[in-house]
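Beneath this line is the structure, given in structure tokens, with notes to follow.
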Amino acid sequence: MAAVTPASDRPDVDVIVIGGGVNGTGVARDAALRGLSVALFERNDIAFGASGNSSGMIHGGPRYLTYDPDVTQTSCEDSGHIQHIAPHLLFRIPFLVPIHPGRYPASVALTGYDSFFDLYDKYQALKRGKPHVRLSVDELRQLEPGLVADAVGGVTFDEWGIDGSRLCIGNVVDAMEHGAKVHVHTTVTDVLRRDDGSVRGVRWRDRMTRQTGSVTARVVVNATGAWAPITSALAGLPPNAARIRPGKGIHVYLDRRLTNYAIVATAIDGRQVFLLPWQNMSVLGTTDDDYYGDLDEVVANGDEVRYLTQAVARVFPAVRAARAIGTWGGVRPTLYAWGKNEDKLSREHEIVDHGQHGADGLYSMIGGKLASYRIFAEQMTDVLARRLGNTSPRRSHSSPLPGGDESIDPMSLVQPGGIEPMAATRLEYRHGSRALRVMERIAKNPREARVVCECEPVLEAEVRYVVEHELARSVDDVARRTRLGLGACGGMRCAARCGALVAQMKDRSPESGRRDALRFLAGAFQRRAPAVKSEQARQEALALAHLGAELGSGSDEESS
Amino acid sequence: MKIAVVGAGAAGTGAAWALANAGADVVVVHDRAGATALHSGALDFEPWEKARAGFQPTAAEQALAHELGWVIAPCRLATNAGVLRPAEGRDRALLDLDSFAGKRVALPDFVRDDWDAELLCRSFSSSAWAQRTGTRFAPRSLDLGIEIERSSSSYDFAEELESEAVRARLVAAVDAARADVDAWLFGPWLGLTPRAVEARLAALSVPIGEVLSAPSGVAGARFEAARDLLFAAKGIAQVRTRAVALSRGASGIELELDGAPAQTVERVVLATGGVLAGGVVLVNPEPGRVLQSFALSLACDATLEQGGQSIDDVSTLYGVDFTRRGAELLEGVGVGVDGAAVRGVPGVFAAGDVVADRPRTLLSALRAGIRAAAAALG
């Protein structure tokens with residue numbers, strides 16, 4: 001189908017992808033794996049939106065079984081593929097559904113759940129999940145002694161946890177290693193169109209350096225999630241050409257793993273919420289509310305935090321006393337529908353060909369979820385490949401993501417570099433076999449074994465690695481990639497050091513590094529604020545005093 | 001006159017010292033580490049980046065500061081976040097860079113988690129002050145003949161540096177580099193007591209000083225050591241427990257203590273600190289404590305304020321929401337006072353961070369403590 005174009009009019013790249021979430025990075029990777037030339041633009045950072053702020057699971061979605069069984073099927077299938085290409089990023093999360101006396105007699109309720117999960121078990125094999133187990137009251141109490149006493153029994157089922165930001169980073173790094181050019185903190189200001197309406201490229205602006213430029217391409221993919229209507233408006237289309245139903249979801253995270261199992265609870269409005277052991281903390285989630293605010297500034301509010309806390313406390317009271325160290329919020333780009341409540345919205349995905357709106361060569365990816373991002377990206381890339389006459393085989397399900405090629409024992413990192421076992425475990429989790437590359441830095445320069453963030457922990461070598469190889473340009477970017485500064489101390493001890501490191505590596509002034517750190521800390525405070533309870537109030541005050549003494553306003557003005 | 005001081009940070013210490021000097025019978029009740037015990041070593045009267053107050057210390061303040069190992073005099077200090085900042089005074093162990101303007105300052109090139117000499121030098125060297133004065137900062141190796149442990153705490157490292165053998169090596173190494181180093185800027189490792197610091201500095205041919213301490217670092221430990229010596233020397237009694245409640249009894253003010261006999265006193269100086277110290281507590285909602293946002297750590301009739309408004313009373317079952325109110329609430333909330341007298345509670349005076357809307361700085365706390373003592377006596 002590719003027409004012969006005169007050299008002067010030859011586009012810079014085959015494909016421009018707008019958006020660095022899981023859909024955008026997934027398409028960029030798949031297209032690059034098939035040999036297409038790709039440029040990706042991300043307005044904020046990789047995984048800045050819903051992808052980095054999800055519940056952190058590639059779950060099969062048993063919830064969708066009743067009304068969207070295809071979503072369950074696709075999710076479970078693709079979850080199996082994701083496990084195959086990035087085994088280091090996955091961790092098992094066994095779920096517990098305690099059953100409480102309610103409308104139905106206990107035995108009826110238990111049997112109901114039992115048969116429901118019988119159905120779900122059929123999909124579990126696709127993602128190497130274990131079949132569900134029906135539990136007696138005693139067994140339930142033994143597994144989680146913190147549950148309230150009035151349960152009559154329970155059911156377990158099996159899911160997989162994942163760090164969504166790391167998944168996106170894996171995709172984007174793989175794309176770059178296959179030739180893609182990726183621009184973070186670079187917003188698309190215009191989608192350029194020819195006289196006949198077809199799309200020929202984008203104009204961009206780097207939001208950090210204020211540099212501008214343009215790139216031409218044969219096709220442009222709008223993979224901007226909740227931003228999709230905005231992106232379509234940049235192409236001169238009505239925003240509803242790429243319409244979504246924006247559903248805000250927030251999570252509260254606690255300073256440690258309170259439970260071994262994820263626990264399902266029912267919220268006041270009947271929705272299912274959960275308490276989740278996730279990496280080295282616990283997570284409460286999630287809400288689902290229509291959102292019309294600024295997508296760059298999505299933060300949880302006190303109402304949302306209390307709604308979740310109250311729901312989980314009904315089955316697991318200790319959550320009230322637990323120390324919340326932050327919240328995160330994102331906006332789901334669910335398929336548009338009027339008149340449905342948020343929970344009933346489809347988690348399906350679809351591709352919009354804007355040829356129908358007169359913008360030939362522009363596509364929008366609408367909807368989707370972490371668990372099925374790969375197949376969505378594959379479907380999108382299939383469309384691109386057909387259009388561009390590319391016949392390379394699909395490889396995104398079999399070719400490992402960076403670090404997923406072989407498994408390494410984190411304890412093997414402890415000896416040579418002299419790093420602490422906890423640091424080694426976390427490093428291996430985030431980077432898989434590429435942890436060895438971080439360790440090579442330490443072998444060359446033992447100073448880089450210094451711990452920058454004690455809470456997570458994060459070593460200087462990893463900070464430098466993610467700046468050099470994973471596109472990090474700010475403290476916030478480093479945090480997204482390494483979880484630096486997101487632990488119990490909220491960045492009080494590490495943000496300034498990290499800012500100084502990034503500034504040095506990027507050849508920026510130390511002062512700009514301090515401002516970067518202060519921005520991160522202000523954002524972190526804003527995200528903690530709705531969850532602050534008595535115990536943390538003290539620590540917040542200490543952090544303010546410390547930062548006041550050490551950083552002040554961060555500027556380098558001389559006193560008179 | 002028998003007077004109780006609740007709290008032993010800068011304000012409580014100032015009050016107890018001034019009361020003892022005036023001949024009062026003083027008992028200090030204190031519990032856990034507060035803002036002073038966690039301080040950085042920089043002494044301010046106002047937040048440093050907002051105002052240059054030009055603090056004029058009184059003779060009493062100078063004398064007390066000296067006892068605590070502090071120097072009240074304008075100075076320029078280095079922080080571990082790479083900032084060179086002015087201050088109105090310092091823990092004596094901190095290096096005053098104003099004394100080394102235009103000189104060569106070396107940072108030891110130790111490989112420790114709490115130290116990055118190279119980054120710090122980059123930052124200090126690029127500061128407007130260093131550029132203007134031509135002050136040079138450079139990392140430099142300093143051989144102490146020991147394996148430096150990367151992850152040991154600053155306390156442990158300070159202790160290690162105090163050992164006899166290392167002390168001698170340090171003196172020798174500093175002396176050997178004397179020709180091209182005018183001062184050494186160290187991390188917070190100079191010593192755990194003011195006396196240890198004093199002894200170290202006296203032995204060196206080139207001055208060494210610290211950067212600011214991290215929270216719960218050695219500067220706070222030195223304050224506590226100095227304070228306890230001072231109290232012992234002045235015959236000030238210490239009861240280490242939490243004050244639970246204060247109320248008016250027939251024979252004076254009853255101070256109820258946790259796990260210790262109650263004290264009956266004529267006056268009380270409240271110097272429990274603010275939210276940071278735990279003197280003011282954010283209340284988690286629970287039955288019987290609804291309509292409360294913040295409370296004093298001891299039961300007392302005082303009301304809490306912030307920004308001139310009462311703040312202890314809220315209309316929520318779910319606790320204060322900081323989404324709107326922001327961090328200022330944590331820094332501003334405290335008891336309302338007229339002068340140093342707590343409004344509505346006769347015989348009780350307050351000083352330091354427990355007072356609403358005062359700068360959370362050490363010198364203002366020290367001054368307030370001394371003044372509260374005068375008010376209590378007067």
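By convention here, the chains of the structure tokens are called A, B, ... in the order presented, each chain's residues are numbered starting at 1, and ligands are numbered starting at 1 in the order presented.
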
Residues of chain A no more than 8 Å from chain B, counting only C-alpha atoms: send them over as a CSV table (one decimal) with all heavy atoms, in the first residue's frame.
chain,number,residue,atom,x,y,z
A,301,ASN,N,-8.3,13.0,47.3
A,301,ASN,CA,-8.8,13.9,48.4
A,301,ASN,C,-9.2,13.1,49.6
A,301,ASN,O,-9.3,11.9,49.6
A,301,ASN,CB,-9.9,14.8,47.8
A,301,ASN,CG,-11.2,14.1,47.4
A,301,ASN,OD1,-11.6,13.2,48.2
A,301,ASN,ND2,-11.7,14.4,46.3
A,302,GLY,N,-9.5,13.9,50.7
A,302,GLY,CA,-9.8,13.2,52.0
A,302,GLY,C,-11.1,12.3,51.9
A,302,GLY,O,-11.1,11.3,52.5
A,306,ARG,N,-11.1,8.4,53.0
A,306,ARG,CA,-12.0,7.9,54.1
A,306,ARG,C,-12.9,6.8,53.6
A,306,ARG,O,-13.3,5.9,54.4
A,306,ARG,CB,-12.7,9.1,54.7
A,306,ARG,CG,-11.7,9.8,55.7
A,306,ARG,CD,-12.0,11.2,55.8
A,306,ARG,NE,-10.8,11.8,56.4
A,306,ARG,CZ,-10.7,13.1,56.7
A,306,ARG,NH1,-11.6,13.9,56.4
A,306,ARG,NH2,-9.6,13.5,57.2
A,447,ARG,N,32.1,3.7,44.8
A,447,ARG,CA,31.3,4.7,45.5
A,447,ARG,C,29.8,4.7,45.1
A,447,ARG,O,29.0,5.1,45.9
A,447,ARG,CB,31.8,6.1,45.0
A,447,ARG,CG,33.1,6.5,45.6
A,447,ARG,CD,33.7,7.7,44.9
A,447,ARG,NE,35.1,7.8,45.4
A,447,ARG,CZ,35.4,8.5,46.5
A,447,ARG,NH1,34.4,9.1,47.1
A,447,ARG,NH2,36.6,8.5,47.0
A,450,ARG,N,26.8,3.5,47.4
A,450,ARG,CA,26.2,4.3,48.4
A,450,ARG,C,24.7,4.3,48.3
A,450,ARG,O,24.1,4.4,47.2
A,450,ARG,CB,26.7,5.8,48.4
A,450,ARG,CG,28.1,5.9,48.9
A,450,ARG,CD,28.6,7.3,48.9
A,450,ARG,NE,28.8,7.7,47.5
A,450,ARG,CZ,29.5,8.8,47.1
A,450,ARG,NH1,30.1,9.6,48.0
A,450,ARG,NH2,29.7,9.1,45.8
A,451,VAL,N,24.0,4.2,49.5
A,451,VAL,CA,22.6,4.2,49.5
A,451,VAL,C,22.1,5.7,49.5
A,451,VAL,O,22.4,6.4,50.4
A,451,VAL,CB,22.1,3.5,50.8
A,451,VAL,CG1,20.6,3.6,50.9
A,451,VAL,CG2,22.6,2.0,50.8
A,452,VAL,N,21.3,6.0,48.5
A,452,VAL,CA,20.7,7.3,48.4
A,452,VAL,C,19.4,7.4,49.2
A,452,VAL,O,19.2,8.3,50.0
A,452,VAL,CB,20.5,7.8,47.0
A,452,VAL,CG1,19.9,9.2,46.9
A,452,VAL,CG2,21.9,7.8,46.2
A,493,ARG,N,15.1,12.5,53.3
A,493,ARG,CA,16.5,12.3,53.4
A,493,ARG,C,17.2,12.2,52.0
A,493,ARG,O,18.4,12.3,51.9
A,493,ARG,CB,16.8,11.0,54.2
A,493,ARG,CG,16.5,11.2,55.7
A,493,ARG,CD,16.6,9.8,56.4
A,493,ARG,NE,16.2,9.9,57.7
A,493,ARG,CZ,17.0,10.2,58.7
A,493,ARG,NH1,18.3,10.3,58.5
A,493,ARG,NH2,16.6,10.2,60.0
A,496,ALA,N,17.0,15.7,48.0
A,496,ALA,CA,18.0,16.7,47.7
A,496,ALA,C,19.2,16.1,47.0
A,496,ALA,O,19.8,16.6,46.0
A,496,ALA,CB,18.4,17.5,48.9
A,497,ARG,N,19.6,14.9,47.6
A,497,ARG,CA,20.8,14.2,47.0
A,497,ARG,C,20.5,13.7,45.6
A,497,ARG,O,21.3,13.8,44.7
A,497,ARG,CB,21.1,13.0,48.0
A,497,ARG,CG,22.1,12.1,47.5
A,497,ARG,CD,23.5,12.4,48.1
A,497,ARG,NE,24.3,11.2,48.1
A,497,ARG,CZ,24.5,10.4,49.1
A,497,ARG,NH1,23.8,10.6,50.2
A,497,ARG,NH2,25.3,9.4,49.0
A,500,ALA,N,20.6,16.6,43.2
A,500,ALA,CA,21.9,17.0,42.9
A,500,ALA,C,22.6,16.0,41.9
A,500,ALA,O,23.3,16.4,41.0
A,500,ALA,CB,22.8,17.0,44.2
A,501,LEU,N,22.3,14.7,42.1
A,501,LEU,CA,22.8,13.7,41.2
A,501,LEU,C,22.3,13.9,39.7
A,501,LEU,O,23.0,13.9,38.8
A,501,LEU,CB,22.4,12.3,41.6
A,501,LEU,CG,23.3,11.6,42.7
A,501,LEU,CD1,22.6,10.4,43.2
A,501,LEU,CD2,24.6,11.3,42.1
A,504,GLN,N,23.7,17.1,38.2
A,504,GLN,CA,25.1,16.9,37.8
A,504,GLN,C,25.2,16.1,36.5
A,504,GLN,O,25.9,16.4,35.5
A,504,GLN,CB,25.9,16.1,38.9
A,504,GLN,CG,27.3,15.9,38.5
A,504,GLN,CD,27.9,14.7,39.3
A,504,GLN,OE1,27.2,13.7,39.5
A,504,GLN,NE2,29.2,14.8,39.7
A,509,SER,N,22.5,23.2,36.8
A,509,SER,CA,23.1,23.8,38.0
A,509,SER,C,22.6,23.1,39.3
A,509,SER,O,21.5,22.6,39.3
A,509,SER,CB,22.7,25.3,38.1
A,509,SER,OG,21.3,25.4,38.5
A,510,PRO,N,23.4,23.1,40.3
A,510,PRO,CA,23.0,22.5,41.6
A,510,PRO,C,21.7,23.2,42.1
A,510,PRO,O,20.9,22.5,42.7
A,510,PRO,CB,24.2,22.8,42.6
A,510,PRO,CG,25.4,23.0,41.7
A,510,PRO,CD,24.8,23.6,40.4
A,511,GLU,N,21.6,24.5,41.8
A,511,GLU,CA,20.3,25.1,42.3
A,511,GLU,C,19.1,24.5,41.6
A,511,GLU,O,18.1,24.3,42.2
A,511,GLU,CB,20.5,26.6,41.9
A,511,GLU,CG,19.3,27.4,42.5
A,511,GLU,CD,19.4,28.9,42.1
A,511,GLU,OE1,20.5,29.3,41.6
A,511,GLU,OE2,18.5,29.6,42.4
A,514,ARG,N,18.2,21.4,43.3
A,514,ARG,CA,17.4,21.6,44.6
A,514,ARG,C,16.0,22.0,44.3
A,514,ARG,O,15.1,21.6,45.1
A,514,ARG,CB,18.1,22.7,45.4
A,514,ARG,CG,19.5,22.3,45.9
A,514,ARG,CD,20.0,23.2,47.0
A,514,ARG,NE,20.2,24.6,46.6
A,514,ARG,CZ,21.4,25.0,46.1
A,514,ARG,NH1,22.4,24.1,46.0
A,514,ARG,NH2,21.6,26.2,45.7
A,526,GLN,N,1.6,16.9,49.1
A,526,GLN,CA,0.2,17.0,48.6
A,526,GLN,C,-0.4,15.7,48.5
A,526,GLN,O,-1.6,15.5,48.8
A,526,GLN,CB,0.3,17.7,47.2
A,526,GLN,CG,-1.0,18.4,46.9
A,526,GLN,CD,-1.0,18.9,45.4
A,526,GLN,OE1,-0.1,18.5,44.7
A,526,GLN,NE2,-2.0,19.7,45.1
A,529,ALA,N,-1.1,14.5,52.2
A,529,ALA,CA,-2.0,15.3,53.0
A,529,ALA,C,-3.3,14.7,53.3
A,529,ALA,O,-3.8,14.7,54.5
A,529,ALA,CB,-2.1,16.7,52.4
A,530,PRO,N,-4.0,14.1,52.3
A,530,PRO,CA,-5.4,13.6,52.7
A,530,PRO,C,-5.3,12.4,53.6
A,530,PRO,O,-6.4,12.0,54.1
A,530,PRO,CB,-6.0,13.3,51.3
A,530,PRO,CG,-4.9,13.2,50.3
A,530,PRO,CD,-3.7,14.1,50.9
A,531,ALA,N,-4.2,11.8,53.7
A,531,ALA,CA,-4.1,10.6,54.5
A,531,ALA,C,-3.4,10.7,55.9
A,531,ALA,O,-3.3,9.8,56.6
A,531,ALA,CB,-3.4,9.5,53.7
A,532,VAL,N,-3.0,12.0,56.2
A,532,VAL,CA,-2.3,12.2,57.4
A,532,VAL,C,-3.1,12.0,58.7
A,532,VAL,O,-4.2,12.5,58.8
A,532,VAL,CB,-1.7,13.6,57.5
A,532,VAL,CG1,-1.2,14.0,58.9
A,532,VAL,CG2,-0.6,13.8,56.5
A,533,LYS,N,-2.6,11.1,59.5
A,533,LYS,CA,-3.2,10.9,60.8
A,533,LYS,C,-2.3,11.3,61.9
A,533,LYS,O,-1.2,11.8,61.7
A,533,LYS,CB,-3.6,9.4,60.9
A,533,LYS,CG,-4.8,9.0,60.1
A,533,LYS,CD,-5.2,7.6,60.2
A,533,LYS,CE,-4.2,6.7,59.5
A,533,LYS,NZ,-4.7,5.3,59.4
A,534,SER,N,-2.7,11.0,63.2
A,534,SER,CA,-2.0,11.5,64.3
A,534,SER,C,-0.5,11.2,64.3
A,534,SER,O,0.4,12.1,64.5
A,534,SER,CB,-2.6,11.0,65.6
A,534,SER,OG,-2.0,11.5,66.7
A,535,GLU,N,-0.2,10.0,64.1
A,535,GLU,CA,1.3,9.6,64.2
A,535,GLU,C,2.1,10.3,63.1
A,535,GLU,O,3.2,10.7,63.4
A,535,GLU,CB,1.4,8.1,63.9
A,535,GLU,CG,1.1,7.3,65.2
A,535,GLU,CD,1.9,7.7,66.4
A,535,GLU,OE1,3.1,7.6,66.2
A,535,GLU,OE2,1.4,8.2,67.4
A,537,ALA,N,1.5,13.2,61.8
A,537,ALA,CA,1.5,14.6,61.9
A,537,ALA,C,2.9,15.1,62.4
A,537,ALA,O,3.5,16.0,62.0
A,537,ALA,CB,0.4,15.1,62.8
A,538,ARG,N,3.4,14.3,63.4
A,538,ARG,CA,4.7,14.6,64.0
A,538,ARG,C,5.8,14.5,62.9
A,538,ARG,O,6.7,15.4,62.9
A,538,ARG,CB,5.0,13.5,65.0
A,538,ARG,CG,5.0,14.1,66.4
A,538,ARG,CD,5.7,13.1,67.3
A,538,ARG,NE,6.9,13.7,67.8
A,538,ARG,CZ,7.8,13.1,68.6
A,538,ARG,NH1,7.6,11.8,68.9
A,538,ARG,NH2,8.9,13.7,69.0
A,539,GLN,N,5.7,13.5,62.1
A,539,GLN,CA,6.8,13.3,61.2
A,539,GLN,C,6.7,14.4,60.1
A,539,GLN,O,7.7,14.8,59.6
A,539,GLN,CB,6.7,11.9,60.5
A,539,GLN,CG,7.9,11.7,59.7
A,539,GLN,CD,8.0,10.3,59.1
A,539,GLN,OE1,7.2,9.5,59.4
A,539,GLN,NE2,9.0,10.1,58.3
A,540,GLU,N,5.5,14.8,59.7
A,540,GLU,CA,5.4,15.8,58.7
A,540,GLU,C,6.0,17.1,59.2
A,540,GLU,O,6.7,17.8,58.5
A,540,GLU,CB,3.9,16.1,58.4
A,540,GLU,CG,3.2,14.9,57.6
A,540,GLU,CD,3.8,14.7,56.3
A,540,GLU,OE1,4.4,15.6,55.7
A,540,GLU,OE2,3.6,13.6,55.8
A,541,ALA,N,5.8,17.4,60.5
A,541,ALA,CA,6.3,18.6,61.1
A,541,ALA,C,7.8,18.5,61.2
A,541,ALA,O,8.5,19.5,60.9
A,541,ALA,CB,5.8,18.8,62.5
A,542,LEU,N,8.4,17.3,61.4
A,542,LEU,CA,9.8,17.1,61.5
A,542,LEU,C,10.4,17.3,60.1
A,542,LEU,O,11.4,18.0,59.9
A,542,LEU,CB,10.1,15.7,62.0
A,542,LEU,CG,11.6,15.3,62.0
A,542,LEU,CD1,12.4,16.3,62.9
A,542,LEU,CD2,11.8,13.9,62.4
A,545,ALA,N,10.5,21.0,59.3
A,545,ALA,CA,11.6,21.6,60.0
A,545,ALA,C,13.0,21.3,59.4
A,545,ALA,O,13.8,22.2,59.2
A,545,ALA,CB,11.6,21.2,61.5
A,546,HIS,N,13.1,20.1,59.1
A,546,HIS,CA,14.4,19.6,58.5
A,546,HIS,C,14.6,20.3,57.1
A,546,HIS,O,15.7,20.8,56.8
A,546,HIS,CB,14.4,18.1,58.3
A,546,HIS,CG,15.5,17.6,57.5
A,546,HIS,ND1,16.9,17.8,57.9
A,546,HIS,CD2,15.6,16.9,56.3
A,546,HIS,CE1,17.6,17.2,57.0
A,546,HIS,NE2,16.9,16.7,56.0
A,548,GLY,N,13.3,23.0,56.1
A,548,GLY,CA,13.4,24.4,56.3
A,548,GLY,C,14.9,24.7,56.6
A,548,GLY,O,15.5,25.7,56.1
A,549,ALA,N,15.5,23.9,57.5
A,549,ALA,CA,16.9,24.1,57.9
A,549,ALA,C,17.9,23.8,56.7
A,549,ALA,O,18.8,24.6,56.5
A,549,ALA,CB,17.2,23.2,59.1
A,550,GLU,N,17.6,22.8,56.0
A,550,GLU,CA,18.6,22.3,55.0
A,550,GLU,C,18.5,23.0,53.6
A,550,GLU,O,19.5,23.2,52.9
A,550,GLU,CB,18.5,20.8,54.8
A,550,GLU,CG,19.0,20.1,56.0
A,550,GLU,CD,20.2,19.2,55.6
A,550,GLU,OE1,20.0,18.3,54.7
A,550,GLU,OE2,21.3,19.3,56.2
A,551,LEU,N,17.2,23.2,53.2
A,551,LEU,CA,17.0,23.6,51.8
A,551,LEU,C,16.5,25.0,51.7
A,551,LEU,O,16.7,25.7,50.8
A,551,LEU,CB,16.1,22.7,51.1
A,551,LEU,CG,16.7,21.5,50.4
A,551,LEU,CD1,15.6,20.5,50.0
A,551,LEU,CD2,17.4,21.9,49.2
A,552,GLY,N,15.6,25.4,52.7
A,552,GLY,CA,14.9,26.7,52.6
A,552,GLY,C,14.1,26.7,51.3
A,552,GLY,O,13.4,25.7,51.0
A,553,SER,N,14.2,27.8,50.6
A,553,SER,CA,13.5,27.9,49.4
A,553,SER,C,14.2,27.2,48.2
A,553,SER,O,13.7,27.2,47.1
A,553,SER,CB,13.2,29.4,49.0
A,553,SER,OG,14.4,30.0,48.8
A,554,GLY,N,15.4,26.7,48.5
A,554,GLY,CA,16.2,26.1,47.5
A,554,GLY,C,17.0,27.0,46.6
A,554,GLY,O,17.9,26.6,45.9
A,556,ASP,N,19.5,30.2,45.5
A,556,ASP,CA,20.9,30.5,45.9
A,556,ASP,C,21.0,32.0,45.9
A,556,ASP,O,21.8,32.6,45.1
A,556,ASP,CB,21.9,29.8,44.9
A,556,ASP,CG,23.3,30.2,45.3
A,556,ASP,OD1,23.6,30.2,46.5
A,556,ASP,OD2,24.1,30.4,44.4
A,557,GLU,N,20.2,32.7,46.7
A,557,GLU,CA,20.3,34.1,46.8
A,557,GLU,C,21.1,34.4,48.0
A,557,GLU,O,21.0,33.9,49.0
A,557,GLU,CB,18.9,34.7,46.9
A,557,GLU,CG,18.3,34.9,45.6
A,557,GLU,CD,16.8,35.1,45.7
A,557,GLU,OE1,16.4,35.7,46.7
A,557,GLU,OE2,16.0,34.5,44.9
A,558,GLU,N,22.0,35.4,47.8
A,558,GLU,CA,22.8,35.8,48.9
A,558,GLU,C,22.0,36.7,49.9
A,558,GLU,O,21.2,37.5,49.5
A,558,GLU,CB,24.0,36.6,48.4
A,558,GLU,CG,25.2,35.7,48.2
A,558,GLU,CD,26.4,36.4,48.4
A,558,GLU,OE1,26.9,37.0,47.4
A,558,GLU,OE2,27.0,36.5,49.5
A,559,SER,N,22.3,36.4,51.2
A,559,SER,CA,21.6,37.2,52.2
A,559,SER,C,22.4,38.5,52.3
A,559,SER,O,23.5,38.6,52.0
A,559,SER,CB,21.6,36.5,53.5
A,559,SER,OG,23.0,36.3,53.9
A,560,SER,N,21.6,39.5,52.8
A,560,SER,CA,22.3,40.8,52.9
A,560,SER,C,23.0,40.8,54.3
A,560,SER,O,22.7,40.0,55.2
A,560,SER,CB,21.3,41.9,52.9
A,560,SER,OG,20.2,41.6,53.8

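Residues in contact with range 151-154 of chain A at up to 7 Å, not including ones fewer than 2 positions away on its chain and judged by only C-alpha atoms, are Leu96, Val97, Pro98, Ile99, His100, Pro101, Ala106, Leu110, Arg134, Leu135, Ser136, Val137, Leu140, Val148, Ala149 and Thr156 of chain A.
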
Which residues in range 133-372 of chain B does DSSP call alpha helix (DSSP H)? List them as JSON, numbers by chain.
{"B": [133, 154, 155, 156, 157, 158, 159, 160, 161, 162, 164, 165, 166, 167, 168, 169, 170, 171, 172, 173, 174, 175, 176, 194, 195, 196, 197, 198, 199, 200, 201, 202, 203, 218, 219, 220, 221, 222, 223, 224, 225, 226, 227, 228, 229, 230, 231, 232, 233, 234, 322, 323, 324, 325, 328, 329, 330, 331, 332, 362, 363, 364, 365, 366, 367, 368, 369, 370, 371, 372]}

Output C-alpha atoms for every residue in the selection just made, as a compact mmCIF listing (two decimals), in the first residue's frame.
# COMPACT_ATOMS: atom_id res chain seq x y z
CA THR B 133 34.44 35.60 47.89
CA SER B 154 26.63 9.19 62.01
CA TYR B 155 26.61 8.39 65.75
CA ASP B 156 28.67 5.26 65.26
CA PHE B 157 31.09 7.03 63.00
CA ALA B 158 31.43 9.92 65.44
CA GLU B 159 32.15 7.42 68.18
CA GLU B 160 34.72 5.67 66.04
CA LEU B 161 36.46 8.97 65.37
CA GLU B 162 36.62 9.60 69.12
CA GLU B 164 42.24 7.13 70.86
CA ALA B 165 44.01 5.62 67.84
CA VAL B 166 41.84 7.33 65.23
CA ARG B 167 42.07 10.65 67.02
CA ALA B 168 45.84 10.61 66.68
CA ARG B 169 45.67 9.66 63.01
CA LEU B 170 43.20 12.46 62.34
CA VAL B 171 45.44 15.04 64.01
CA ALA B 172 48.40 13.82 61.98
CA ALA B 173 46.52 13.64 58.67
CA VAL B 174 45.09 17.13 59.09
CA ASP B 175 48.49 18.44 59.99
CA ALA B 176 50.06 16.82 56.95
CA PRO B 194 30.34 19.36 73.45
CA ARG B 195 33.37 18.36 75.54
CA ALA B 196 34.50 15.80 73.00
CA VAL B 197 34.18 18.41 70.25
CA GLU B 198 36.12 20.93 72.31
CA ALA B 199 38.92 18.46 72.94
CA ARG B 200 39.12 17.52 69.29
CA LEU B 201 39.23 21.10 68.03
CA ALA B 202 41.94 22.05 70.52
CA ALA B 203 44.23 19.32 69.21
CA VAL B 218 24.57 14.38 66.60
CA ALA B 219 23.80 18.09 67.11
CA GLY B 220 20.70 17.13 69.08
CA ALA B 221 22.62 14.53 71.07
CA ARG B 222 25.19 17.17 72.05
CA PHE B 223 22.44 19.50 73.20
CA GLU B 224 20.98 16.82 75.44
CA ALA B 225 24.36 15.98 76.92
CA ALA B 226 25.09 19.64 77.66
CA ARG B 227 21.62 20.25 79.10
CA ASP B 228 21.86 17.33 81.51
CA LEU B 229 25.23 18.57 82.80
CA LEU B 230 23.78 22.03 83.20
CA PHE B 231 20.75 20.80 85.15
CA ALA B 232 22.97 18.76 87.42
CA ALA B 233 25.23 21.73 88.06
CA LYS B 234 22.29 24.01 88.86
CA PHE B 322 -5.04 18.54 55.37
CA THR B 323 -5.96 18.57 51.70
CA ARG B 324 -7.19 22.13 52.09
CA ARG B 325 -5.50 23.29 55.23
CA GLU B 328 0.99 25.58 57.83
CA LEU B 329 -1.44 24.03 60.26
CA LEU B 330 1.26 21.73 61.57
CA GLU B 331 3.63 24.62 62.11
CA GLY B 332 1.20 27.18 63.45
CA LEU B 362 15.72 27.66 68.60
CA LEU B 363 16.80 31.15 69.51
CA SER B 364 13.25 32.43 69.73
CA ALA B 365 12.42 29.41 71.91
CA LEU B 366 15.40 30.06 74.15
CA ARG B 367 14.43 33.70 74.55
CA ALA B 368 10.78 32.82 75.16
CA GLY B 369 11.79 30.31 77.85
CA ILE B 370 13.84 32.88 79.74
CA ARG B 371 10.99 35.41 79.45
CA ALA B 372 8.39 32.90 80.60

Using only C-alpha atoms, which protein or nucleic acid residues come within 9 Å of Asp114 in chain A? Drop anything in the same chain fewer than 2 positions from it, and give the result as a VMD selection string.
chain A and resid 109 to 112 116 to 119 132 to 134 155

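Put simply, CA of Ile253 in chain B is 6.8 Å away from CA of Arg267 in chain B.
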